[in-house]
$ cat my_file08.txt   # compact mmCIF, C-alpha atoms
# COMPACT_ATOMS: atom_id res chain seq x y z
CA MET A 1 -4.82 -16.98 17.82
CA ALA A 2 -7.37 -14.51 16.45
CA SER A 3 -7.32 -13.96 12.70
CA PHE A 4 -9.25 -11.86 10.26
CA THR A 5 -9.65 -11.08 6.60
CA MET A 6 -8.28 -7.75 5.46
CA PRO A 7 -11.00 -5.18 4.72
CA GLU A 8 -11.39 -3.25 1.48
CA PHE A 9 -9.25 -0.15 1.96
CA TYR A 10 -10.00 3.24 0.45
CA VAL A 11 -6.88 4.06 -1.59
CA PRO A 12 -7.84 6.82 -4.07
CA HIS A 13 -4.31 7.75 -5.10
CA PRO A 14 -2.06 5.10 -6.70
CA ALA A 15 1.30 4.58 -5.03
CA ARG A 16 4.44 5.48 -6.98
CA MET A 17 7.97 4.17 -6.54
CA ASN A 18 10.99 6.45 -6.14
CA PRO A 19 13.64 5.55 -8.77
CA HIS A 20 16.41 5.79 -6.15
CA LEU A 21 15.20 2.74 -4.18
CA GLU A 22 18.34 0.61 -4.49
CA ARG A 23 20.62 3.45 -3.47
CA ALA A 24 18.47 4.15 -0.39
CA ARG A 25 18.51 0.46 0.56
CA ALA A 26 22.29 0.23 0.33
CA HIS A 27 22.87 3.54 2.06
CA SER A 28 20.53 2.89 4.98
CA THR A 29 21.99 -0.58 5.59
CA GLN A 30 25.51 0.84 5.78
CA TRP A 31 24.29 3.72 7.94
CA ALA A 32 22.64 1.34 10.42
CA ARG A 33 25.87 -0.62 10.58
CA ASP A 34 27.91 2.55 11.13
CA MET A 35 25.61 3.61 13.96
CA GLY A 36 26.01 0.21 15.66
CA MET A 37 22.41 -0.92 15.19
CA LEU A 38 23.23 -4.34 13.77
CA GLY A 39 24.34 -7.25 15.90
CA THR A 40 23.18 -5.57 19.11
CA GLY A 41 20.65 -8.20 20.14
CA VAL A 42 17.90 -5.92 18.79
CA TRP A 43 18.55 -6.14 15.04
CA THR A 44 20.46 -8.45 12.74
CA ASP A 45 21.28 -7.83 9.10
CA GLU A 46 18.47 -10.24 8.22
CA ILE A 47 15.90 -8.36 10.31
CA LEU A 48 16.81 -5.02 8.73
CA ALA A 49 16.76 -6.49 5.22
CA GLY A 50 13.37 -8.09 5.86
CA ASP A 51 11.80 -4.89 7.14
CA ASP A 52 13.22 -3.00 4.13
CA TYR A 53 12.83 0.64 5.14
CA GLY A 54 14.37 1.73 1.86
CA HIS A 55 11.38 0.14 0.18
CA MET A 56 9.03 1.90 2.57
CA CYS A 57 10.55 5.33 1.98
CA ALA A 58 10.76 4.86 -1.79
CA TRP A 59 7.00 4.22 -1.74
CA THR A 60 6.12 7.01 0.68
CA HIS A 61 8.44 9.69 -0.80
CA PRO A 62 8.34 8.96 -4.53
CA ASP A 63 9.63 12.37 -5.65
CA ALA A 64 12.51 12.85 -3.19
CA PRO A 65 15.95 13.40 -4.76
CA ALA A 66 18.47 10.63 -4.11
CA GLU A 67 20.38 12.33 -1.30
CA ILE A 68 17.18 13.42 0.44
CA LEU A 69 15.70 9.93 0.13
CA ASP A 70 18.84 8.61 1.85
CA LEU A 71 18.29 11.08 4.69
CA ILE A 72 14.58 10.28 5.04
CA THR A 73 15.26 6.54 5.00
CA ASP A 74 17.89 6.93 7.72
CA TRP A 75 15.32 8.76 9.86
CA TYR A 76 12.92 5.83 9.52
CA VAL A 77 15.64 3.28 10.24
CA TRP A 78 16.37 5.30 13.36
CA VAL A 79 12.77 5.52 14.56
CA PHE A 80 12.04 1.82 14.00
CA TYR A 81 15.30 0.80 15.67
CA PHE A 82 14.41 3.05 18.59
CA ASP A 83 10.97 1.40 18.80
CA ASP A 84 12.40 -2.12 18.77
CA GLU A 85 15.17 -1.27 21.21
CA PHE A 86 12.68 0.36 23.57
CA PHE A 87 10.50 -2.75 23.44
CA ALA A 88 13.42 -5.08 24.13
CA GLU A 89 14.92 -2.99 26.92
CA PHE A 90 11.90 -1.57 28.70
CA LYS A 91 8.46 -2.69 27.46
CA GLN A 92 9.04 -6.39 27.95
CA SER A 93 10.18 -5.88 31.53
CA LYS A 94 7.73 -2.98 32.15
CA ASP A 95 10.68 -0.93 33.41
CA VAL A 96 9.01 2.48 33.69
CA SER A 97 11.84 4.23 35.56
CA GLY A 98 14.51 2.91 33.18
CA ALA A 99 12.39 3.93 30.20
CA LYS A 100 11.98 7.46 31.53
CA ALA A 101 15.71 7.87 32.13
CA TYR A 102 16.41 6.62 28.61
CA LEU A 103 13.88 8.97 27.01
CA ASP A 104 14.89 11.99 29.09
CA ARG A 105 18.33 12.02 27.45
CA LEU A 106 17.17 12.17 23.84
CA PRO A 107 15.99 15.82 23.58
CA ALA A 108 19.54 16.95 24.41
CA PHE A 109 20.62 15.59 21.03
CA MET A 110 18.31 17.97 19.10
CA PRO A 111 19.54 21.53 19.82
CA LEU A 112 17.60 24.08 17.78
CA ASN A 113 20.67 26.01 16.66
CA GLY A 114 22.72 22.90 15.98
CA THR A 115 25.76 24.28 17.78
CA ASP A 116 25.00 23.65 21.45
CA PRO A 117 27.12 20.84 22.91
CA TRP A 118 25.33 17.55 23.50
CA PRO A 119 26.13 14.60 25.73
CA GLU A 120 28.38 11.81 24.52
CA PRO A 121 26.14 9.27 22.72
CA GLN A 122 25.89 6.02 24.65
CA ASN A 123 23.94 3.77 22.30
CA PRO A 124 22.96 3.43 18.62
CA THR A 125 19.78 5.48 19.07
CA GLU A 126 21.71 8.45 20.43
CA ARG A 127 24.48 8.16 17.82
CA GLY A 128 21.92 8.01 15.05
CA LEU A 129 20.07 11.04 16.35
CA VAL A 130 23.24 13.13 16.47
CA ASP A 131 24.07 12.26 12.87
CA LEU A 132 20.55 12.84 11.57
CA TRP A 133 20.08 16.13 13.36
CA GLN A 134 23.33 17.52 11.97
CA ARG A 135 22.34 16.52 8.42
CA THR A 136 18.75 17.81 8.61
CA ILE A 137 18.67 21.18 10.36
CA PRO A 138 20.74 23.05 7.73
CA LEU A 139 17.91 22.36 5.30
CA MET A 140 15.11 23.80 7.43
CA SER A 141 14.11 26.98 9.27
CA GLN A 142 13.99 27.59 13.02
CA ASP A 143 10.19 27.33 12.87
CA TRP A 144 10.36 23.86 11.32
CA ARG A 145 13.03 22.78 13.79
CA ARG A 146 10.75 23.75 16.69
CA ARG A 147 7.81 21.88 15.18
CA PHE A 148 9.90 18.80 14.45
CA THR A 149 11.46 18.81 17.91
CA THR A 150 7.95 18.91 19.39
CA SER A 151 6.69 16.03 17.25
CA THR A 152 9.80 13.98 18.06
CA HIS A 153 9.34 14.68 21.77
CA ASN A 154 5.69 13.63 21.52
CA LEU A 155 6.71 10.46 19.70
CA LEU A 156 8.94 9.63 22.66
CA LEU A 157 6.07 10.32 25.06
CA GLU A 158 4.00 7.71 23.22
CA CYS A 159 6.41 5.07 24.47
CA MET A 160 5.77 6.07 28.07
CA TRP A 161 2.01 6.10 27.49
CA GLU A 162 2.19 2.61 25.99
CA ILE A 163 4.41 1.11 28.67
CA LYS A 164 2.24 2.52 31.45
CA ASN A 165 -0.87 1.06 29.77
CA ILE A 166 0.86 -2.32 29.57
CA GLU A 167 1.97 -2.11 33.20
CA SER A 168 -1.54 -1.26 34.41
CA GLY A 169 -3.41 -3.45 31.92
CA THR A 170 -5.30 -0.38 30.67
CA VAL A 171 -7.02 -0.27 27.28
CA ALA A 172 -8.10 3.26 26.37
CA ASN A 173 -11.62 4.12 25.22
CA PRO A 174 -11.94 5.06 21.53
CA ILE A 175 -12.04 8.83 22.06
CA GLU A 176 -9.03 8.86 24.37
CA TYR A 177 -7.20 6.49 22.06
CA ILE A 178 -7.63 8.62 18.92
CA GLU A 179 -6.75 11.78 20.84
CA MET A 180 -3.60 10.32 22.37
CA ARG A 181 -2.40 8.61 19.20
CA ARG A 182 -2.87 11.85 17.30
CA LYS A 183 -0.89 13.72 19.92
CA VAL A 184 1.94 11.29 20.58
CA GLY A 185 1.91 8.95 17.58
CA GLY A 186 4.56 9.00 14.89
CA ALA A 187 2.49 10.40 12.03
CA PRO A 188 2.90 14.14 12.86
CA TRP A 189 6.63 13.42 12.84
CA SER A 190 6.23 11.81 9.41
CA ALA A 191 4.32 14.87 8.17
CA ASN A 192 7.25 17.08 9.20
CA LEU A 193 9.61 14.87 7.19
CA VAL A 194 7.33 15.26 4.15
CA GLU A 195 8.25 18.95 4.25
CA VAL A 196 11.90 17.91 4.00
CA SER A 197 11.43 15.37 1.23
CA GLU A 198 9.29 17.70 -0.87
CA ALA A 199 11.42 20.82 -0.20
CA ALA A 200 8.05 22.29 0.74
CA GLU A 201 8.25 23.78 4.21
CA VAL A 202 4.84 25.04 5.32
CA PRO A 203 4.99 28.83 5.79
CA ALA A 204 5.13 29.75 9.47
CA SER A 205 2.24 32.17 8.99
CA VAL A 206 -0.21 29.33 8.30
CA ALA A 207 1.43 26.28 9.93
CA GLY A 208 -0.80 26.58 13.01
CA THR A 209 -4.08 27.40 11.27
CA ARG A 210 -7.13 25.15 11.41
CA PRO A 211 -6.88 23.80 7.82
CA LEU A 212 -3.24 22.77 8.26
CA ARG A 213 -4.02 21.23 11.65
CA VAL A 214 -6.93 19.28 10.16
CA LEU A 215 -4.74 18.02 7.34
CA SER A 216 -2.10 16.91 9.83
CA ASP A 217 -4.68 15.34 12.17
CA THR A 218 -6.53 13.41 9.47
CA PHE A 219 -3.24 12.31 7.90
CA SER A 220 -2.14 11.10 11.33
CA ASP A 221 -5.39 9.33 12.16
CA ALA A 222 -5.41 7.46 8.85
CA ILE A 223 -1.79 6.34 9.17
CA HIS A 224 -2.25 5.16 12.74
CA LEU A 225 -5.50 3.33 12.06
CA ARG A 226 -4.10 1.60 9.00
CA ASN A 227 -1.05 0.54 10.96
CA ASP A 228 -3.28 -0.77 13.77
CA ILE A 229 -4.98 -3.14 11.35
CA PHE A 230 -1.76 -4.43 9.81
CA SER A 231 0.15 -4.62 13.10
CA TYR A 232 -2.61 -6.18 15.24
CA GLU A 233 -1.04 -9.63 15.18
CA ARG A 234 2.44 -8.33 15.93
CA GLU A 235 1.51 -5.79 18.60
CA VAL A 236 -1.46 -7.35 20.40
CA LEU A 237 -1.03 -11.09 20.00
CA ARG A 238 2.76 -11.32 20.15
CA GLU A 239 3.93 -8.28 22.11
CA GLY A 240 0.99 -7.81 24.49
CA GLU A 241 0.52 -4.21 23.35
CA ASN A 242 -2.62 -2.38 24.57
CA SER A 243 -2.41 0.68 22.32
CA ASN A 244 -4.03 -0.62 19.15
CA GLY A 245 -7.27 0.63 17.63
CA VAL A 246 -8.56 -2.84 16.74
CA LEU A 247 -8.12 -3.96 20.35
CA VAL A 248 -9.77 -0.75 21.58
CA PHE A 249 -12.84 -1.45 19.43
CA GLU A 250 -12.90 -5.08 20.59
CA LYS A 251 -12.83 -4.14 24.26
CA PHE A 252 -15.03 -1.03 24.25
CA PHE A 253 -17.77 -2.24 21.89
CA GLY A 254 -17.53 -5.97 22.51
CA HIS A 255 -16.71 -6.63 18.85
CA ASP A 256 -15.09 -9.78 17.56
CA THR A 257 -11.80 -9.14 15.76
CA GLN A 258 -13.27 -9.06 12.24
CA THR A 259 -16.00 -6.60 13.21
CA ALA A 260 -13.47 -4.42 15.02
CA VAL A 261 -11.20 -4.38 11.96
CA GLU A 262 -14.10 -3.31 9.73
CA ALA A 263 -15.07 -0.55 12.16
CA VAL A 264 -11.50 0.75 12.33
CA ASN A 265 -11.31 0.73 8.53
CA THR A 266 -14.58 2.68 8.29
CA LEU A 267 -13.12 5.32 10.61
CA LEU A 268 -9.91 5.37 8.56
CA THR A 269 -11.91 6.02 5.39
CA SER A 270 -13.83 8.87 7.02
CA ARG A 271 -10.56 10.56 7.99
CA LEU A 272 -9.31 10.36 4.41
CA HIS A 273 -12.55 11.89 3.19
CA GLN A 274 -12.15 14.77 5.64
CA PHE A 275 -8.60 15.29 4.42
CA GLU A 276 -9.89 15.61 0.85
CA ASN A 277 -12.74 17.90 1.87
CA THR A 278 -10.34 20.20 3.70
CA VAL A 279 -8.12 20.47 0.64
CA PHE A 280 -11.02 21.47 -1.59
CA THR A 281 -13.06 23.68 0.73
CA GLU A 282 -10.65 25.25 3.22
CA LEU A 283 -7.30 25.73 1.53
CA PRO A 284 -8.53 28.21 -1.13
CA GLN A 285 -10.07 30.35 1.61
CA LEU A 286 -6.91 30.07 3.72
CA PHE A 287 -4.80 31.26 0.80
CA ALA A 288 -7.07 34.25 0.22
CA GLU A 289 -7.43 35.27 3.86
CA ASN A 290 -3.67 35.17 4.45
CA ALA A 291 -2.76 36.66 1.09
CA LEU A 292 -0.26 33.88 0.49
CA SER A 293 2.08 34.45 -2.40
CA PRO A 294 1.92 32.05 -5.35
CA GLU A 295 5.21 30.55 -4.15
CA ASP A 296 3.83 29.88 -0.65
CA GLN A 297 0.62 28.44 -2.08
CA ALA A 298 2.68 26.12 -4.25
CA ARG A 299 4.67 24.94 -1.22
CA VAL A 300 1.49 24.14 0.70
CA LEU A 301 0.05 22.21 -2.25
CA LYS A 302 3.30 20.32 -2.71
CA TYR A 303 3.21 19.42 0.99
CA VAL A 304 -0.40 18.22 0.62
CA LYS A 305 0.59 16.11 -2.36
CA GLY A 306 3.40 14.64 -0.25
CA LEU A 307 0.96 13.69 2.51
CA GLN A 308 -1.27 11.96 -0.03
CA ASP A 309 1.71 10.11 -1.52
CA TRP A 310 2.62 8.96 1.99
CA GLN A 311 -0.83 7.48 2.57
CA SER A 312 -0.78 5.48 -0.66
CA GLY A 313 2.86 4.47 -0.37
CA GLY A 314 2.47 3.50 3.28
CA HIS A 315 -0.44 1.25 2.37
CA GLU A 316 1.61 -0.42 -0.35
CA TRP A 317 4.52 -0.99 2.03
CA HIS A 318 2.28 -2.55 4.66
CA LEU A 319 1.08 -5.06 2.10
CA HIS A 320 4.60 -6.38 1.65
CA ALA A 321 6.64 -5.49 4.76
CA GLY A 322 8.19 -8.38 6.63
CA ARG A 323 7.58 -6.42 9.83
CA TYR A 324 3.86 -7.16 9.50
CA THR A 325 3.70 -10.32 7.38
CA LYS A 326 5.81 -12.82 9.28
CA VAL A 327 5.48 -14.63 12.56
CA ASP A 328 8.38 -15.72 14.78
CA GLY A 329 10.97 -15.16 12.07
CA GLY A 330 9.41 -17.05 9.22
CA ALA A 331 6.01 -18.73 9.14
CA GLY A 332 3.40 -16.63 7.39
CA ASN A 333 0.33 -15.44 9.28
CA SER A 334 -2.76 -16.56 7.41
CA ALA A 335 -4.56 -13.35 8.33
CA PHE A 336 -2.11 -11.40 6.22
CA PHE A 337 -1.69 -13.82 3.32
CA ARG A 338 -5.37 -14.07 2.46
CA THR A 339 -6.68 -12.18 -0.53
CA VAL A 340 -6.22 -8.47 0.07
CA LEU A 341 -8.79 -6.19 -1.49
CA ARG A 342 -6.88 -3.01 -2.12
CA GLY A 343 -9.86 -0.82 -2.82
CA PRO A 344 -10.27 1.64 -5.69
CA THR A 345 -7.06 2.77 -7.34
CA GLY A 346 -8.35 5.28 -9.86
CA LEU A 347 -7.04 8.79 -9.61
CA GLY A 348 -10.40 10.36 -8.88
CA THR A 349 -10.99 14.08 -8.70
CA SER A 350 -8.89 14.54 -5.58
CA ALA A 351 -5.80 12.93 -7.05
CA ALA A 352 -6.27 14.75 -10.35
CA TRP A 353 -6.42 18.08 -8.54
CA LEU A 354 -3.39 17.33 -6.46
CA GLY A 355 -1.57 15.99 -9.49
CA ALA A 356 -1.66 19.44 -11.01
CA SER A 357 0.91 20.54 -8.45
CA ARG A 358 3.46 18.06 -9.81
CA GLY A 359 4.15 19.86 -13.04
$ encode --input "my_file08.txt" --output "C-alpha cells"
Amino acid sequence: MASFTMPEFYVPHPARMNPHLERARAHSTQWARDMGMLGTGVWTDEILAGDDYGHMCAWTHPDAPAEILDLITDWYVWVFYFDDEFFAEFKQSKDVSGAKAYLDRLPAFMPLNGTDPWPEPQNPTERGLVDLWQRTIPLMSQDWRRRFTTSTHNLLLECMWEIKNIESGTVANPIEYIEMRRKVGGAPWSANLVEVSEAAEVPASVAGTRPLRVLSDTFSDAIHLRNDIFSYEREVLREGENSNGVLVFEKFFGHDTQTAVEAVNTLLTSRLHQFENTVFTELPQLFAENALSPEDQARVLKYVKGLQDWQSGGHEWHLHAGRYTKVDGGAGNSAFFRTVLRGPTGLGTSAAWLGASRG
C-alpha cells in the first residue's frame, strides 16, 4: 500500500469553531435517523458518529446561527449519505444504467417554486432532499434557487463521470481533471450553502461576473485538491476510484505518490493565492463598475469571508475526520497519523482585511 507524509499546507486564516456544535451533532443524528439513513446497510450509528458532520459544519460555518447550522449540517449529512449509497449501489458494481435511473429522479425533488408536486420518495436520499428543499428555499431568492439547483445537478453528474471512468479504467489528464472537478465537483454547491449560512446572498447583478466566478473556481479547486490529498487512501487504494488529483499526477507525470502529493499541494496553494489576489484587486473595481450599494458590497464581503472560513475549517476537519483517518473500520493509516505540518496560521493581511467585515 502506497503511503506518504502530509505536505505543509498553506492555511493563512485560522479555523474557528461554531458554539452550536453539540446541538448540530444531536440534531443531524436524529435527522438522519428520521430520514431512514441509519441501519440501511450503508450507514450505522457508529459510522455517522465517526464521520461527525456536525463537527465539520461547525468548523466550516463558524458564524451560522444555531437553526441555520442545523440546516447546513443536514445538507452535508445528505450529500455524504448520497455519495456512500451511490458507491454501494452502483460504483462497486459499475452499474451505469442503474446509476443513471437513480440520478434522473433527483431533480424532480427540487422544484424552483417549492409548490410543484414531486414523486413519492423511495429511499433516504429522496426523503432527505424533500425535507431539505422545503426548509431552504423560503430563505433564498429565485436566482439563488436556480444557481443551487444547477450546482446540485452538476454534483450528481460527477457521479456519472466517476463511474464511467471506473468502468473504462480512464484516468483524466490534469487539465481535464481540474476542469471537470470544477464543473461537477461538490465545492460550487458548498459555496452556495455559504450564502445561506452567512445570510449573504450574492446579488444577482454580479453573481455571474468574472471576479465572482474566479472566487468560486479557486475556492472549488482548493477544496477539491485538499480533499484529494486526504482521501487518496480511501478513494484510490480502497475504493478503486480514478477521479483523484494525486492519482492524476502520478499517472500523467510518472510521479511517485509523495511527489504527486507535493505537486497537488503546490497547485492548491496557487489557487488560494489567486483567490486572495482577486479579493484585493478585482472586487473594488467590480463594486465601482456596478455601483453596488453599501449593503450589497457588505453581502459580497460576508460571502467571501464565509468562503475563507470554509477553507480553514475544512482543513481542520480533514485532520480529524474518521472518514479519512481510519482503515477498514479501525486501524489507523500511518500516512495520516504521521506528523502533520499545518502551515502558517497567522492572520496575515488577507485575513485581517476580511476580518473587518465581521464587525
$ atom_distance --input "my_file08.txt" --atom1 "CA of Tyr10 (chain A)" --atom2 "CA of Ala172 (chain A)"
26.0 Å
$ axis_aligned_box --input "my_file08.txt" --around "region 204-218 of chain A" --padding-each-side "6 Å" --output "JSON"
{"center_x": -1.0, "center_y": 22.8, "center_z": 10.2, "size_x": 24.3, "size_y": 30.8, "size_z": 17.7}
$ closest_atom_pairs --input "my_file08.txt" --of "region 136-225 of chain A" --to "region 270-276 of chain A" --cutoff "10 Å" --atoms "all atoms listed in the file" --output "JSON lines"
{"residue": "A:Pro211", "atom": "CA", "partner": "A:Phe275", "partner_atom": "CA", "distance": 9.3}
{"residue": "A:Leu212", "atom": "CA", "partner": "A:Phe275", "partner_atom": "CA", "distance": 10.0}
{"residue": "A:Val214", "atom": "CA", "partner": "A:Phe275", "partner_atom": "CA", "distance": 7.2}
{"residue": "A:Leu215", "atom": "CA", "partner": "A:Phe275", "partner_atom": "CA", "distance": 5.6}
{"residue": "A:Ser216", "atom": "CA", "partner": "A:Phe275", "partner_atom": "CA", "distance": 8.6}
{"residue": "A:Asp217", "atom": "CA", "partner": "A:Arg271", "partner_atom": "CA", "distance": 8.7}
{"residue": "A:Thr218", "atom": "CA", "partner": "A:Arg271", "partner_atom": "CA", "distance": 5.2}
{"residue": "A:Phe219", "atom": "CA", "partner": "A:Phe275", "partner_atom": "CA", "distance": 7.1}
{"residue": "A:Ser220", "atom": "CA", "partner": "A:Arg271", "partner_atom": "CA", "distance": 9.1}
{"residue": "A:Asp221", "atom": "CA", "partner": "A:Arg271", "partner_atom": "CA", "distance": 6.8}
{"residue": "A:Ala222", "atom": "CA", "partner": "A:Arg271", "partner_atom": "CA", "distance": 6.1}
{"residue": "A:Ile223", "atom": "CA", "partner": "A:Leu272", "partner_atom": "CA", "distance": 9.8}
{"residue": "A:Leu225", "atom": "CA", "partner": "A:Arg271", "partner_atom": "CA", "distance": 9.7}
$ residues_near_point --input "my_file08.txt" --point "(7.0, 33.1, 10.9)" --cutoff "12 Å" --atoms "only C-alpha atoms" --output "ChimeraX atom specification"
/A:141-144,146,201-208
$ atom_distance --input "my_file08.txt" --atom1 "CA of Ala58 (chain A)" --atom2 "CA of Asp296 (chain A)"
26.0 Å
$ atom_distance --input "my_file08.txt" --atom1 "CA of Glu250 (chain A)" --atom2 "CA of Lys94 (chain A)"
23.7 Å
$ closest_residue --input "my_file08.txt" --among "A:Ala64, A:Thr73, A:Phe80, A:Thr281" --to "Trp43 (chain A)" --atoms "only C-alpha atoms"
A:Phe80
$ closest_residue --input "my_file08.txt" --among "A:Glu67, A:Glu235, A:Asp104, A:Glu176" --to "Asp83 (chain A)" --atoms "all atoms listed in the file"
A:Glu235
